[in-house]
Amino acid sequence: GAFYLCFSQQTKMERKQLLFPFLWVVGLFVFFSISQTKRSEYLLPVFPAMALLVGYVIDRAPGPVLYVYPDEKTAAENSKDRILPMIKASPRLRTYLSGTEKDASALRINLQHMPIYLCWARSVASIANKPIKYAIADEIDKDGFDAGKKEAGPLDLIDKRLTTFRPVSKYWKISTPTLETGNVWRELTENTDAIFDFHVKCPLCGLHQLMEFN
């Protein structure tokens, strides 16, 4: 559903520009989801594609961005090691930096025209009270994204932050799949508008065959 919305609100030219990072994310996710071994390191190739999507948002369709990670340390590390370096390395994107040191802190990046928030799943206060246009929930099958008994889970709280910008908001949920009871599989079976089969072209006969795994 989130990936469909990513394209449905864009012009034809914008959809062409988004197609490459979209296929990058989906292709890797599908490939490693069907692999026998599940390790979080397998998702590392997805991060550059997500960075391209966020970079596109910053330059072409600005709006408040919310990254949510399983814990505070991971949130701070991704801000320092991935998001800020991406912005600073791009001649175009770094023109949006305010130039003030405090505007590029570990858990909040204030660009001239939009903020980027970095939160962690178990901190309700860090997620609350923020009108968000783009949300990225990373590693949603890890500890931290589980729903508590007395309040809504982090994924539902993130979804509420998108209310102001509906129907143009985008919500990406990423994870290494674990158990069928995990968040990512529940999203697949309960909250997905469309599911696509994965076919591979046979190098010998040229037929596209459905990939099926026990």
# chains A, B, ... in the order shown; residues from 1 in each chain; ligands from 1
call {"tool": "residues_around", "arguments": {"residues": "A:Ser98", "least_positions_apart": "3", "cutoff": "8 Å", "atoms": "only C-alpha atoms", "output": "PyMOL selection string"}}
result
chain A and resi 103+110-112
call {"tool": "residues_around", "arguments": {"residues": "stretch 179-182 of chain A", "least_positions_apart": "4", "cutoff": "10 Å", "atoms": "only C-alpha atoms", "output": "VMD selection string"}}
result
chain A and resid 140 to 142 145 to 146 175 186 to 189
call {"tool": "write_last_selection", "arguments": {"atoms": "N, CA and C atoms", "output": "compact mmCIF listing (two decimals), in the first residue's frame"}}
result
# COMPACT_ATOMS: atom_id res chain seq x y z
N ILE A 140 11.09 -3.32 11.69
CA ILE A 140 9.88 -3.37 12.51
C ILE A 140 9.66 -4.73 13.16
N ASP A 141 10.46 -5.74 12.81
CA ASP A 141 10.34 -7.03 13.48
C ASP A 141 11.25 -7.14 14.71
N LYS A 142 12.04 -6.12 14.96
CA LYS A 142 12.94 -6.15 16.12
C LYS A 142 12.22 -5.69 17.38
N PHE A 145 9.36 -2.48 18.53
CA PHE A 145 8.17 -2.20 17.73
C PHE A 145 6.97 -3.04 18.17
N ASP A 146 7.16 -3.88 19.20
CA ASP A 146 6.03 -4.67 19.67
C ASP A 146 5.02 -3.77 20.39
N SER A 175 11.86 -4.29 7.12
CA SER A 175 12.38 -5.21 8.13
C SER A 175 12.91 -6.48 7.49
N ARG A 186 2.66 -9.63 9.30
CA ARG A 186 1.28 -9.21 9.57
C ARG A 186 0.88 -8.07 8.63
N GLU A 187 1.83 -7.18 8.35
CA GLU A 187 1.55 -6.10 7.40
C GLU A 187 1.25 -6.68 6.02
N LEU A 188 2.00 -7.72 5.65
CA LEU A 188 1.82 -8.36 4.34
C LEU A 188 0.46 -9.01 4.21
N THR A 189 0.00 -9.67 5.28
CA THR A 189 -1.24 -10.44 5.20
C THR A 189 -2.48 -9.63 5.58
call {"tool": "residues_around", "arguments": {"residues": "stretch 153-166 of chain A", "least_positions_apart": "3", "cutoff": "7 Å", "atoms": "only C-alpha atoms", "output": "PDB file with N, CA and C atoms, in the first residue's frame"}}
result
ATOM      1  N   ALA A 121      11.312   3.454  18.723  1.00  0.00           N
ATOM      2  CA  ALA A 121       9.954   2.936  18.800  1.00  0.00           C
ATOM      3  C   ALA A 121       9.351   2.969  20.198  1.00  0.00           C
ATOM      4  N   ILE A 127       7.689  10.260  19.364  1.00  0.00           N
ATOM      5  CA  ILE A 127       6.878  10.075  18.165  1.00  0.00           C
ATOM      6  C   ILE A 127       5.676  11.014  18.152  1.00  0.00           C
ATOM      7  N   LYS A 130       3.736  15.303  16.250  1.00  0.00           N
ATOM      8  CA  LYS A 130       4.499  15.752  15.079  1.00  0.00           C
ATOM      9  C   LYS A 130       3.662  15.507  13.826  1.00  0.00           C
ATOM     10  N   PRO A 131       3.251  16.544  13.099  1.00  0.00           N
ATOM     11  CA  PRO A 131       2.593  16.315  11.805  1.00  0.00           C
ATOM     12  C   PRO A 131       3.631  15.863  10.786  1.00  0.00           C
ATOM     13  N   ILE A 132       3.459  14.679  10.221  1.00  0.00           N
ATOM     14  CA  ILE A 132       4.463  14.049   9.374  1.00  0.00           C
ATOM     15  C   ILE A 132       3.890  13.773   7.989  1.00  0.00           C
ATOM     16  N   LYS A 133       4.699  14.014   6.975  1.00  0.00           N
ATOM     17  CA  LYS A 133       4.306  13.698   5.601  1.00  0.00           C
ATOM     18  C   LYS A 133       4.915  12.377   5.132  1.00  0.00           C
ATOM     19  N   PHE A 145       9.363  -2.481  18.527  1.00  0.00           N
ATOM     20  CA  PHE A 145       8.170  -2.204  17.733  1.00  0.00           C
ATOM     21  C   PHE A 145       6.969  -3.038  18.171  1.00  0.00           C
ATOM     22  N   ASP A 146       7.157  -3.881  19.199  1.00  0.00           N
ATOM     23  CA  ASP A 146       6.032  -4.666  19.670  1.00  0.00           C
ATOM     24  C   ASP A 146       5.023  -3.766  20.390  1.00  0.00           C
ATOM     25  N   ALA A 147       3.749  -4.063  20.224  1.00  0.00           N
ATOM     26  CA  ALA A 147       2.688  -3.254  20.830  1.00  0.00           C
ATOM     27  C   ALA A 147       2.556  -3.568  22.317  1.00  0.00           C
ATOM     28  N   GLY A 148       2.386  -2.535  23.122  1.00  0.00           N
ATOM     29  CA  GLY A 148       2.154  -2.726  24.550  1.00  0.00           C
ATOM     30  C   GLY A 148       0.701  -3.083  24.824  1.00  0.00           C
ATOM     31  N   SER A 169       0.506  11.543   2.135  1.00  0.00           N
ATOM     32  CA  SER A 169       1.565  11.037   3.004  1.00  0.00           C
ATOM     33  C   SER A 169       2.045   9.680   2.509  1.00  0.00           C
TER      34      SER A 169
END
call {"tool": "select_by_dssp", "arguments": {"residues": "stretch 24-195 of chain A", "states": "alpha helix (DSSP H)", "output": "MDAnalysis selection string"}}
result
chainID A and resid 24:33 46:60 72:78 84:89 124:127 154:161 183:190
call {"tool": "closest_residue", "arguments": {"among": "A:Thr178, A:Glu190, A:Val124, A:Asp81", "to": "A:Ala152", "atoms": "only C-alpha atoms"}}
result
A:Val124
call {"tool": "select_by_dssp", "arguments": {"residues": "stretch 97-212 of chain A", "states": "strand (DSSP E)", "output": "JSON, numbers by chain"}}
result
{"A": [108, 109, 110, 115, 116, 117, 118, 119, 120, 134, 135, 136, 137, 138, 170, 171, 172, 173, 174, 199, 200, 201, 208, 209, 210]}
call {"tool": "write_last_selection", "arguments": {"atoms": "C-alpha atoms", "output": "JSON list (two decimals), in the first residue's frame"}}
result
[["chain", "number", "residue", "atom", "x", "y", "z"],
["A", 108, "ARG", "CA", 16.68, 16.15, 14.58],
["A", 109, "ILE", "CA", 17.88, 17.73, 11.34],
["A", 110, "ASN", "CA", 16.34, 21.12, 10.62],
["A", 115, "PRO", "CA", 12.56, 18.94, 9.50],
["A", 116, "ILE", "CA", 13.81, 15.35, 9.68],
["A", 117, "TYR", "CA", 13.04, 13.65, 13.00],
["A", 118, "LEU", "CA", 14.81, 10.53, 14.24],
["A", 119, "CYS", "CA", 13.01, 8.63, 16.97],
["A", 120, "TRP", "CA", 12.96, 5.21, 18.55],
["A", 134, "TYR", "CA", 6.83, 10.86, 5.19],
["A", 135, "ALA", "CA", 7.42, 8.10, 7.75],
["A", 136, "ILE", "CA", 10.04, 5.34, 7.66],
["A", 137, "ALA", "CA", 9.83, 2.56, 10.24],
["A", 138, "ASP", "CA", 13.06, 0.55, 10.11],
["A", 170, "LYS", "CA", 3.89, 8.05, 2.50],
["A", 171, "TYR", "CA", 4.67, 5.32, 5.05],
["A", 172, "TRP", "CA", 7.52, 2.86, 4.45],
["A", 173, "LYS", "CA", 7.85, -0.17, 6.73],
["A", 174, "ILE", "CA", 11.11, -2.11, 6.39],
["A", 199, "HIS", "CA", 8.85, -14.63, -11.62],
["A", 200, "VAL", "CA", 12.34, -15.42, -12.89],
["A", 201, "LYS", "CA", 13.28, -15.81, -16.55],
["A", 208, "HIS", "CA", 9.23, -16.73, -16.78],
["A", 209, "GLN", "CA", 8.66, -19.14, -13.93],
["A", 210, "LEU", "CA", 7.01, -18.46, -10.59]]
call {"tool": "closest_residue", "arguments": {"among": "A:Pro85, A:Gly55, A:Pro91, A:Gly144", "to": "A:Glu72", "atoms": "only C-alpha atoms"}}
result
A:Gly144
call {"tool": "residues_around", "arguments": {"residues": "A:Ala106", "least_positions_apart": "6", "cutoff": "7 Å", "atoms": "only C-alpha atoms", "output": "list in words"}}
result
Ala76, Ser79 and Lys80 of chain A
call {"tool": "atom_distance", "arguments": {"atom1": "atom CA of A:Ser123", "atom2": "atom CA of A:Met50"}}
result
23.2 Å
